Amino acid sequence: MDDSLFADEAGRADESLARQAAWVMKLRSEGVRNQVVLGALEAIPRKIFLSASQQFLAYEDRAFPIDCGQMSTQPSLIGKVADFLQMKPDHSLLEIGSGSGYQCAVLSKICDRIVSLERYRTLADLARDRLRSCKITNVDVIHADGLVAPVSEEEEGGPFDRILLNGALDRVPGFLFDRLAPGGRLLAPIKHESGLCQLMQYDKGGRGLDETELGRFRYLSLTPGIAAKL
């Protein structure tokens, strides 16, 4: 190989590693301190989950528009949510709202199995393709409405150790707590008059649900129903 070509490739690799290291440090400065979570964020190439015009911004801690009028979740918020979930390697997770697939790709590095429900067929198909390109095999993306009880529990599995809602709503549908395993945890952004959402943590104990306020964040609303045209 030409020495100059080898030097160019080595230079690009060094630059990429430097950008990735700077990105991880940025996430730490934004409050993502859990080393397991940081490792999961570092392991997933975010650019795969962005459109071609956005890929050069993959190391930015920003949310981006995605198909079907939706928005991706910024990496630092994904990191905080992952830390709040406190998942173990043998845990199962139900995610409502697949979006680009990036969040469940990150979380797939932390838990055993994920079922991700997405109301937009376009997003569900794209998420599956992107997860496949990352060789992620422990995530099932299903085109379904996550805000109604499934006809068959066997189709989606459960109960789940963790449940995560990726959009704001007025209250959590009661059936989701039934899908939560004993000792399980559910995270949901609840609409607030401030315009931001109060991220709520619900822990299922022997005497019912314990509620914890985790802070206010910006989320789009979760819309019920399966999208007819997208």
# chains A, B, ... in the order shown; residues from 1 in each chain; ligands from 1
>>> residues_around(residues="Val115 of chain A", least_positions_apart="6", cutoff="10 Å", atoms="only C-alpha atoms", output="PDB file with all heavy atoms, in the first residue's frame")
ATOM      1  N   SER A  92     -35.856  -7.493  30.813  1.00  0.00           N
ATOM      2  CA  SER A  92     -36.586  -7.250  29.571  1.00  0.00           C
ATOM      3  C   SER A  92     -37.191  -5.849  29.635  1.00  0.00           C
ATOM      4  O   SER A  92     -37.543  -5.356  30.711  1.00  0.00           O
ATOM      5  CB  SER A  92     -37.695  -8.288  29.380  1.00  0.00           C
ATOM      6  OG  SER A  92     -38.614  -8.240  30.476  1.00  0.00           O
ATOM      7  N   LEU A  93     -37.305  -5.206  28.465  1.00  0.00           N
ATOM      8  CA  LEU A  93     -37.805  -3.831  28.391  1.00  0.00           C
ATOM      9  C   LEU A  93     -38.872  -3.727  27.320  1.00  0.00           C
ATOM     10  O   LEU A  93     -38.709  -4.236  26.209  1.00  0.00           O
ATOM     11  CB  LEU A  93     -36.649  -2.886  28.044  1.00  0.00           C
ATOM     12  CG  LEU A  93     -37.023  -1.453  27.644  1.00  0.00           C
ATOM     13  CD1 LEU A  93     -37.525  -0.655  28.837  1.00  0.00           C
ATOM     14  CD2 LEU A  93     -35.832  -0.736  26.991  1.00  0.00           C
ATOM     15  N   LEU A  94     -39.968  -3.050  27.650  1.00  0.00           N
ATOM     16  CA  LEU A  94     -40.981  -2.673  26.671  1.00  0.00           C
ATOM     17  C   LEU A  94     -40.818  -1.191  26.401  1.00  0.00           C
ATOM     18  O   LEU A  94     -40.913  -0.366  27.321  1.00  0.00           O
ATOM     19  CB  LEU A  94     -42.389  -2.961  27.207  1.00  0.00           C
ATOM     20  CG  LEU A  94     -43.549  -2.469  26.327  1.00  0.00           C
ATOM     21  CD1 LEU A  94     -43.548  -3.166  24.975  1.00  0.00           C
ATOM     22  CD2 LEU A  94     -44.885  -2.655  27.042  1.00  0.00           C
ATOM     23  N   GLU A  95     -40.546  -0.835  25.142  1.00  0.00           N
ATOM     24  CA  GLU A  95     -40.391   0.557  24.733  1.00  0.00           C
ATOM     25  C   GLU A  95     -41.582   0.945  23.873  1.00  0.00           C
ATOM     26  O   GLU A  95     -41.920   0.245  22.921  1.00  0.00           O
ATOM     27  CB  GLU A  95     -39.090   0.733  23.942  1.00  0.00           C
ATOM     28  CG  GLU A  95     -38.870   2.155  23.446  1.00  0.00           C
ATOM     29  CD  GLU A  95     -37.689   2.267  22.496  1.00  0.00           C
ATOM     30  OE1 GLU A  95     -37.643   1.488  21.511  1.00  0.00           O
ATOM     31  OE2 GLU A  95     -36.823   3.123  22.737  1.00  0.00           O
ATOM     32  N   ILE A  96     -42.209   2.067  24.198  1.00  0.00           N
ATOM     33  CA  ILE A  96     -43.349   2.552  23.421  1.00  0.00           C
ATOM     34  C   ILE A  96     -42.903   3.806  22.674  1.00  0.00           C
ATOM     35  O   ILE A  96     -42.664   4.851  23.277  1.00  0.00           O
ATOM     36  CB  ILE A  96     -44.551   2.822  24.327  1.00  0.00           C
ATOM     37  CG1 ILE A  96     -44.991   1.506  24.986  1.00  0.00           C
ATOM     38  CG2 ILE A  96     -45.708   3.427  23.529  1.00  0.00           C
ATOM     39  CD1 ILE A  96     -46.100   1.648  25.979  1.00  0.00           C
ATOM     40  N   SER A  98     -40.638   3.712  18.995  1.00  0.00           N
ATOM     41  CA  SER A  98     -39.292   3.324  18.553  1.00  0.00           C
ATOM     42  C   SER A  98     -38.516   4.497  17.992  1.00  0.00           C
ATOM     43  O   SER A  98     -37.287   4.554  18.123  1.00  0.00           O
ATOM     44  CB  SER A  98     -39.368   2.232  17.476  1.00  0.00           C
ATOM     45  OG  SER A  98     -40.196   1.163  17.877  1.00  0.00           O
ATOM     46  N   CYS A 104     -33.324   2.394  21.428  1.00  0.00           N
ATOM     47  CA  CYS A 104     -33.378   0.965  21.775  1.00  0.00           C
ATOM     48  C   CYS A 104     -32.086   0.259  21.369  1.00  0.00           C
ATOM     49  O   CYS A 104     -31.703  -0.745  21.985  1.00  0.00           O
ATOM     50  CB  CYS A 104     -34.616   0.278  21.215  1.00  0.00           C
ATOM     51  SG  CYS A 104     -34.789   0.232  19.449  1.00  0.00           S
ATOM     52  N   ASN A 138     -31.344  -8.643  19.733  1.00  0.00           N
ATOM     53  CA  ASN A 138     -32.203  -8.815  20.914  1.00  0.00           C
ATOM     54  C   ASN A 138     -33.291  -7.751  21.014  1.00  0.00           C
ATOM     55  O   ASN A 138     -33.815  -7.480  22.094  1.00  0.00           O
ATOM     56  CB  ASN A 138     -31.361  -8.824  22.194  1.00  0.00           C
ATOM     57  CG  ASN A 138     -30.617  -7.519  22.432  1.00  0.00           C
ATOM     58  OD1 ASN A 138     -30.324  -6.785  21.488  1.00  0.00           O
ATOM     59  ND2 ASN A 138     -30.303  -7.227  23.687  1.00  0.00           N
ATOM     60  N   VAL A 139     -33.642  -7.136  19.871  1.00  0.00           N
ATOM     61  CA  VAL A 139     -34.710  -6.137  19.819  1.00  0.00           C
ATOM     62  C   VAL A 139     -35.745  -6.569  18.789  1.00  0.00           C
ATOM     63  O   VAL A 139     -35.401  -6.894  17.649  1.00  0.00           O
ATOM     64  CB  VAL A 139     -34.178  -4.739  19.445  1.00  0.00           C
ATOM     65  CG1 VAL A 139     -35.337  -3.747  19.342  1.00  0.00           C
ATOM     66  CG2 VAL A 139     -33.171  -4.253  20.468  1.00  0.00           C
ATOM     67  N   ASP A 140     -37.025  -6.581  19.185  1.00  0.00           N
ATOM     68  CA  ASP A 140     -38.130  -6.820  18.265  1.00  0.00           C
ATOM     69  C   ASP A 140     -38.903  -5.519  18.097  1.00  0.00           C
ATOM     70  O   ASP A 140     -39.470  -5.004  19.077  1.00  0.00           O
ATOM     71  CB  ASP A 140     -39.080  -7.894  18.810  1.00  0.00           C
ATOM     72  CG  ASP A 140     -38.435  -9.267  18.868  1.00  0.00           C
ATOM     73  OD1 ASP A 140     -37.719  -9.618  17.919  1.00  0.00           O
ATOM     74  OD2 ASP A 140     -38.648  -9.984  19.860  1.00  0.00           O
ATOM     75  N   VAL A 141     -38.904  -4.960  16.895  1.00  0.00           N
ATOM     76  CA  VAL A 141     -39.672  -3.753  16.606  1.00  0.00           C
ATOM     77  C   VAL A 141     -40.997  -4.187  15.985  1.00  0.00           C
ATOM     78  O   VAL A 141     -41.016  -4.876  14.963  1.00  0.00           O
ATOM     79  CB  VAL A 141     -38.915  -2.810  15.658  1.00  0.00           C
ATOM     80  CG1 VAL A 141     -39.769  -1.578  15.345  1.00  0.00           C
ATOM     81  CG2 VAL A 141     -37.581  -2.389  16.265  1.00  0.00           C
ATOM     82  N   ILE A 142     -42.091  -3.775  16.605  1.00  0.00           N
ATOM     83  CA  ILE A 142     -43.426  -4.192  16.168  1.00  0.00           C
ATOM     84  C   ILE A 142     -44.245  -2.964  15.797  1.00  0.00           C
ATOM     85  O   ILE A 142     -44.295  -1.988  16.550  1.00  0.00           O
ATOM     86  CB  ILE A 142     -44.143  -4.989  17.276  1.00  0.00           C
ATOM     87  CG1 ILE A 142     -43.333  -6.247  17.637  1.00  0.00           C
ATOM     88  CG2 ILE A 142     -45.557  -5.373  16.845  1.00  0.00           C
ATOM     89  CD1 ILE A 142     -43.879  -7.012  18.826  1.00  0.00           C
ATOM     90  N   GLU A 156     -46.349 -10.275  22.182  1.00  0.00           N
ATOM     91  CA  GLU A 156     -45.324  -9.305  22.544  1.00  0.00           C
ATOM     92  C   GLU A 156     -44.506  -9.737  23.755  1.00  0.00           C
ATOM     93  O   GLU A 156     -43.475  -9.133  24.052  1.00  0.00           O
ATOM     94  CB  GLU A 156     -45.984  -7.942  22.833  1.00  0.00           C
ATOM     95  CG  GLU A 156     -46.644  -7.337  21.610  1.00  0.00           C
ATOM     96  CD  GLU A 156     -47.416  -6.074  21.930  1.00  0.00           C
ATOM     97  OE1 GLU A 156     -47.327  -5.608  23.088  1.00  0.00           O
ATOM     98  OE2 GLU A 156     -48.109  -5.553  21.043  1.00  0.00           O
ATOM     99  N   GLY A 157     -44.943 -10.763  24.448  1.00  0.00           N
ATOM    100  CA  GLY A 157     -44.204 -11.195  25.634  1.00  0.00           C
ATOM    101  C   GLY A 157     -44.575 -10.369  26.847  1.00  0.00           C
ATOM    102  O   GLY A 157     -45.448  -9.525  26.811  1.00  0.00           O
ATOM    103  N   GLY A 158     -43.874 -10.622  27.916  1.00  0.00           N
ATOM    104  CA  GLY A 158     -44.159  -9.922  29.162  1.00  0.00           C
ATOM    105  C   GLY A 158     -44.543 -10.928  30.235  1.00  0.00           C
ATOM    106  O   GLY A 158     -44.708 -12.115  29.948  1.00  0.00           O
ATOM    107  N   PHE A 160     -42.836  -7.317  31.790  1.00  0.00           N
ATOM    108  CA  PHE A 160     -41.533  -6.703  31.530  1.00  0.00           C
ATOM    109  C   PHE A 160     -40.941  -6.131  32.818  1.00  0.00           C
ATOM    110  O   PHE A 160     -41.650  -5.594  33.660  1.00  0.00           O
ATOM    111  CB  PHE A 160     -41.673  -5.591  30.491  1.00  0.00           C
ATOM    112  CG  PHE A 160     -42.090  -6.083  29.133  1.00  0.00           C
ATOM    113  CD1 PHE A 160     -43.429  -6.160  28.793  1.00  0.00           C
ATOM    114  CD2 PHE A 160     -41.138  -6.484  28.202  1.00  0.00           C
ATOM    115  CE1 PHE A 160     -43.825  -6.619  27.545  1.00  0.00           C
ATOM    116  CE2 PHE A 160     -41.520  -6.950  26.953  1.00  0.00           C
ATOM    117  CZ  PHE A 160     -42.867  -7.017  26.624  1.00  0.00           C
ATOM    118  N   ILE A 163     -40.495  -0.643  31.622  1.00  0.00           N
ATOM    119  CA  ILE A 163     -41.316  -0.094  30.544  1.00  0.00           C
ATOM    120  C   ILE A 163     -40.940   1.368  30.387  1.00  0.00           C
ATOM    121  O   ILE A 163     -40.822   2.098  31.379  1.00  0.00           O
ATOM    122  CB  ILE A 163     -42.824  -0.244  30.839  1.00  0.00           C
ATOM    123  CG1 ILE A 163     -43.209  -1.728  30.926  1.00  0.00           C
ATOM    124  CG2 ILE A 163     -43.649   0.453  29.758  1.00  0.00           C
ATOM    125  CD1 ILE A 163     -44.674  -1.975  31.273  1.00  0.00           C
TER     126      ILE A 163
END
>>> residues_around(residues="segment 60-67 of chain A", least_positions_apart="4", cutoff="7 Å", atoms="only C-alpha atoms", output="number ranges by chain")
A: 71-76, 100, 123
>>> residues_around(residues="Pro189 of chain A", least_positions_apart="6", cutoff="7 Å", atoms="only C-alpha atoms", output="number ranges by chain")
A: 167-169, 197-200
>>> write_last_selection(atoms="N, CA and C atoms", output="CSV table (one decimal), in the first residue's frame")
chain,number,residue,atom,x,y,z
A,167,GLY,N,-42.7,9.5,24.9
A,167,GLY,CA,-43.5,10.7,24.5
A,167,GLY,C,-44.4,11.1,25.6
A,168,ALA,N,-44.9,12.3,25.6
A,168,ALA,CA,-45.7,12.8,26.7
A,168,ALA,C,-47.2,12.4,26.6
A,169,LEU,N,-47.8,12.3,27.7
A,169,LEU,CA,-49.2,12.0,27.8
A,169,LEU,C,-49.8,12.5,29.1
A,197,CYS,N,-42.2,18.5,30.3
A,197,CYS,CA,-42.9,17.3,30.8
A,197,CYS,C,-42.2,16.9,32.1
A,198,GLN,N,-43.0,16.4,33.1
A,198,GLN,CA,-42.4,15.9,34.3
A,198,GLN,C,-42.1,14.4,34.0
A,199,LEU,N,-40.9,14.0,34.0
A,199,LEU,CA,-40.5,12.6,33.8
A,199,LEU,C,-40.8,11.9,35.2
A,200,MET,N,-41.7,10.9,35.1
A,200,MET,CA,-42.1,10.2,36.3
A,200,MET,C,-41.6,8.8,36.3
>>> select_by_dssp(residues="segment 72-209 of chain A", states="helix (DSSP H, G or I)", output="ChimeraX atom specification")
/A:75-85,102-107,121-133,153-156,174-178
>>> write_last_selection(atoms="C-alpha atoms", output="compact mmCIF listing (two decimals), in the first residue's frame")
# COMPACT_ATOMS: atom_id res chain seq x y z
CA PRO A 75 -28.05 11.35 23.42
CA SER A 76 -27.64 12.99 26.85
CA LEU A 77 -31.35 12.45 27.60
CA ILE A 78 -31.07 8.84 26.44
CA GLY A 79 -28.15 8.45 28.83
CA LYS A 80 -30.07 9.93 31.75
CA VAL A 81 -33.12 7.78 31.02
CA ALA A 82 -30.94 4.66 30.82
CA ASP A 83 -29.46 5.52 34.21
CA PHE A 84 -32.93 6.10 35.69
CA LEU A 85 -34.05 2.69 34.41
CA TYR A 102 -31.26 4.73 18.20
CA GLN A 103 -32.46 4.65 21.80
CA CYS A 104 -33.38 0.96 21.77
CA ALA A 105 -30.05 0.22 20.05
CA VAL A 106 -28.24 1.84 22.98
CA LEU A 107 -30.43 0.12 25.57
CA ARG A 121 -44.88 1.71 9.82
CA THR A 122 -42.21 3.81 8.10
CA LEU A 123 -40.34 4.35 11.36
CA ALA A 124 -40.75 0.70 12.40
CA ASP A 125 -39.29 -0.52 9.09
CA LEU A 126 -36.38 1.94 9.23
CA ALA A 127 -35.61 1.04 12.85
CA ARG A 128 -35.51 -2.67 12.00
CA ASP A 129 -33.14 -2.06 9.08
CA ARG A 130 -30.82 0.09 11.17
CA LEU A 131 -30.74 -2.36 14.06
CA ARG A 132 -29.97 -5.15 11.61
CA SER A 133 -27.07 -3.15 10.17
CA GLU A 153 -49.84 -11.01 25.49
CA GLU A 154 -48.01 -13.98 23.93
CA GLU A 155 -47.36 -11.96 20.76
CA GLU A 156 -45.32 -9.30 22.54
CA GLY A 174 -53.53 1.46 33.65
CA PHE A 175 -52.95 -1.71 31.62
CA LEU A 176 -49.25 -0.82 31.30
CA PHE A 177 -48.78 -1.24 35.04
CA ASP A 178 -50.32 -4.71 34.66
>>> closest_residue(among="A:Ala22, A:Ala43, A:Leu164, A:Val172", to="Val148 of chain A", atoms="only C-alpha atoms")
A:Val172
>>> residues_around(residues="Tyr59 of chain A", least_positions_apart="3", cutoff="8 Å", atoms="only C-alpha atoms", output="NGL selection string")
:A and (19-20 or 23 or 46 or 56)
>>> select_by_dssp(residues="segment 122-159 of chain A", states="strand (DSSP E)", output="list in words")
Val139, Asp140, Val141, Ile142 and His143 of chain A
>>> write_last_selection(atoms="C-alpha atoms", output="JSON list (two decimals), in the first residue's frame")
[["chain", "number", "residue", "atom", "x", "y", "z"],
["A", 139, "VAL", "CA", -34.71, -6.14, 19.82],
["A", 140, "ASP", "CA", -38.13, -6.82, 18.26],
["A", 141, "VAL", "CA", -39.67, -3.75, 16.61],
["A", 142, "ILE", "CA", -43.43, -4.19, 16.17],
["A", 143, "HIS", "CA", -45.77, -1.94, 14.22]]
>>> atom_distance(atom1="atom CA of Glu213 of chain A", atom2="atom CA of Gln201 of chain A")
6.4 Å
>>> closest_residue(among="A:Leu50, A:Leu38, A:Leu180, A:Cys134", to="Ile110 of chain A", atoms="only C-alpha atoms")
A:Leu38
>>> atom_distance(atom1="atom CA of Tyr202 of chain A", atom2="atom CA of Ala188 of chain A")
8.3 Å
>>> atom_distance(atom1="atom CA of Asp145 of chain A", atom2="atom CA of Ser108 of chain A")
21.3 Å
>>> closest_residue(among="A:Leu27, A:Leu165, A:Val36, A:Leu41", to="Tyr219 of chain A", atoms="only C-alpha atoms")
A:Leu165
>>> closest_residue(among="A:Arg113, A:Arg162, A:Arg171, A:Lys135", to="Leu186 of chain A", atoms="only C-alpha atoms")
A:Arg162
>>> decode(residues="segment 70-92 of chain A", atoms="N, CA and C atoms", output="PDB file, in the first residue's frame")
ATOM      1  N   GLN A  70     -41.697  13.314  13.365  1.00  0.00           N
ATOM      2  CA  GLN A  70     -41.252  13.039  14.722  1.00  0.00           C
ATOM      3  C   GLN A  70     -39.845  13.608  14.959  1.00  0.00           C
ATOM      4  N   MET A  71     -39.400  13.501  16.199  1.00  0.00           N
ATOM      5  CA  MET A  71     -38.065  13.959  16.579  1.00  0.00           C
ATOM      6  C   MET A  71     -37.314  12.826  17.264  1.00  0.00           C
ATOM      7  N   SER A  72     -36.015  12.776  17.027  1.00  0.00           N
ATOM      8  CA  SER A  72     -35.177  11.829  17.761  1.00  0.00           C
ATOM      9  C   SER A  72     -34.952  12.368  19.172  1.00  0.00           C
ATOM     10  N   THR A  73     -34.406  11.542  20.031  1.00  0.00           N
ATOM     11  CA  THR A  73     -34.073  11.953  21.399  1.00  0.00           C
ATOM     12  C   THR A  73     -32.590  12.248  21.478  1.00  0.00           C
ATOM     13  N   GLN A  74     -32.224  13.362  22.116  1.00  0.00           N
ATOM     14  CA  GLN A  74     -30.811  13.706  22.188  1.00  0.00           C
ATOM     15  C   GLN A  74     -30.064  12.705  23.060  1.00  0.00           C
ATOM     16  N   PRO A  75     -28.809  12.395  22.720  1.00  0.00           N
ATOM     17  CA  PRO A  75     -28.054  11.353  23.422  1.00  0.00           C
ATOM     18  C   PRO A  75     -27.942  11.546  24.928  1.00  0.00           C
ATOM     19  N   SER A  76     -27.778  12.790  25.401  1.00  0.00           N
ATOM     20  CA  SER A  76     -27.639  12.986  26.851  1.00  0.00           C
ATOM     21  C   SER A  76     -28.916  12.605  27.581  1.00  0.00           C
ATOM     22  N   LEU A  77     -30.089  12.853  26.965  1.00  0.00           N
ATOM     23  CA  LEU A  77     -31.351  12.449  27.596  1.00  0.00           C
ATOM     24  C   LEU A  77     -31.491  10.932  27.572  1.00  0.00           C
ATOM     25  N   ILE A  78     -31.069  10.302  26.482  1.00  0.00           N
ATOM     26  CA  ILE A  78     -31.075   8.835  26.443  1.00  0.00           C
ATOM     27  C   ILE A  78     -30.208   8.279  27.569  1.00  0.00           C
ATOM     28  N   GLY A  79     -29.036   8.901  27.769  1.00  0.00           N
ATOM     29  CA  GLY A  79     -28.147   8.450  28.833  1.00  0.00           C
ATOM     30  C   GLY A  79     -28.767   8.598  30.205  1.00  0.00           C
ATOM     31  N   LYS A  80     -29.433   9.720  30.446  1.00  0.00           N
ATOM     32  CA  LYS A  80     -30.071   9.929  31.751  1.00  0.00           C
ATOM     33  C   LYS A  80     -31.208   8.942  31.967  1.00  0.00           C
ATOM     34  N   VAL A  81     -32.013   8.725  30.932  1.00  0.00           N
ATOM     35  CA  VAL A  81     -33.123   7.777  31.024  1.00  0.00           C
ATOM     36  C   VAL A  81     -32.598   6.367  31.296  1.00  0.00           C
ATOM     37  N   ALA A  82     -31.533   5.983  30.601  1.00  0.00           N
ATOM     38  CA  ALA A  82     -30.936   4.661  30.820  1.00  0.00           C
ATOM     39  C   ALA A  82     -30.466   4.506  32.266  1.00  0.00           C
ATOM     40  N   ASP A  83     -29.910   5.563  32.818  1.00  0.00           N
ATOM     41  CA  ASP A  83     -29.465   5.522  34.208  1.00  0.00           C
ATOM     42  C   ASP A  83     -30.661   5.413  35.145  1.00  0.00           C
ATOM     43  N   PHE A  84     -31.721   6.177  34.871  1.00  0.00           N
ATOM     44  CA  PHE A  84     -32.927   6.105  35.694  1.00  0.00           C
ATOM     45  C   PHE A  84     -33.532   4.696  35.679  1.00  0.00           C
ATOM     46  N   LEU A  85     -33.461   4.032  34.533  1.00  0.00           N
ATOM     47  CA  LEU A  85     -34.048   2.693  34.412  1.00  0.00           C
ATOM     48  C   LEU A  85     -33.341   1.662  35.289  1.00  0.00           C
ATOM     49  N   GLN A  86     -32.027   1.858  35.506  1.00  0.00           N
ATOM     50  CA  GLN A  86     -31.261   0.931  36.344  1.00  0.00           C
ATOM     51  C   GLN A  86     -31.490  -0.524  35.904  1.00  0.00           C
ATOM     52  N   MET A  87     -31.238  -0.769  34.632  1.00  0.00           N
ATOM     53  CA  MET A  87     -31.463  -2.109  34.090  1.00  0.00           C
ATOM     54  C   MET A  87     -30.314  -3.055  34.419  1.00  0.00           C
ATOM     55  N   LYS A  88     -30.655  -4.334  34.508  1.00  0.00           N
ATOM     56  CA  LYS A  88     -29.681  -5.396  34.719  1.00  0.00           C
ATOM     57  C   LYS A  88     -29.567  -6.225  33.444  1.00  0.00           C
ATOM     58  N   PRO A  89     -28.481  -6.962  33.296  1.00  0.00           N
ATOM     59  CA  PRO A  89     -28.275  -7.717  32.044  1.00  0.00           C
ATOM     60  C   PRO A  89     -29.373  -8.723  31.718  1.00  0.00           C
ATOM     61  N   ASP A  90     -30.120  -9.209  32.724  1.00  0.00           N
ATOM     62  CA  ASP A  90     -31.162 -10.190  32.452  1.00  0.00           C
ATOM     63  C   ASP A  90     -32.553  -9.569  32.329  1.00  0.00           C
ATOM     64  N   HIS A  91     -32.635  -8.250  32.300  1.00  0.00           N
ATOM     65  CA  HIS A  91     -33.933  -7.577  32.251  1.00  0.00           C
ATOM     66  C   HIS A  91     -34.519  -7.546  30.841  1.00  0.00           C
ATOM     67  N   SER A  92     -35.856  -7.493  30.813  1.00  0.00           N
ATOM     68  CA  SER A  92     -36.586  -7.250  29.571  1.00  0.00           C
ATOM     69  C   SER A  92     -37.191  -5.849  29.635  1.00  0.00           C
TER      70      SER A  92
END
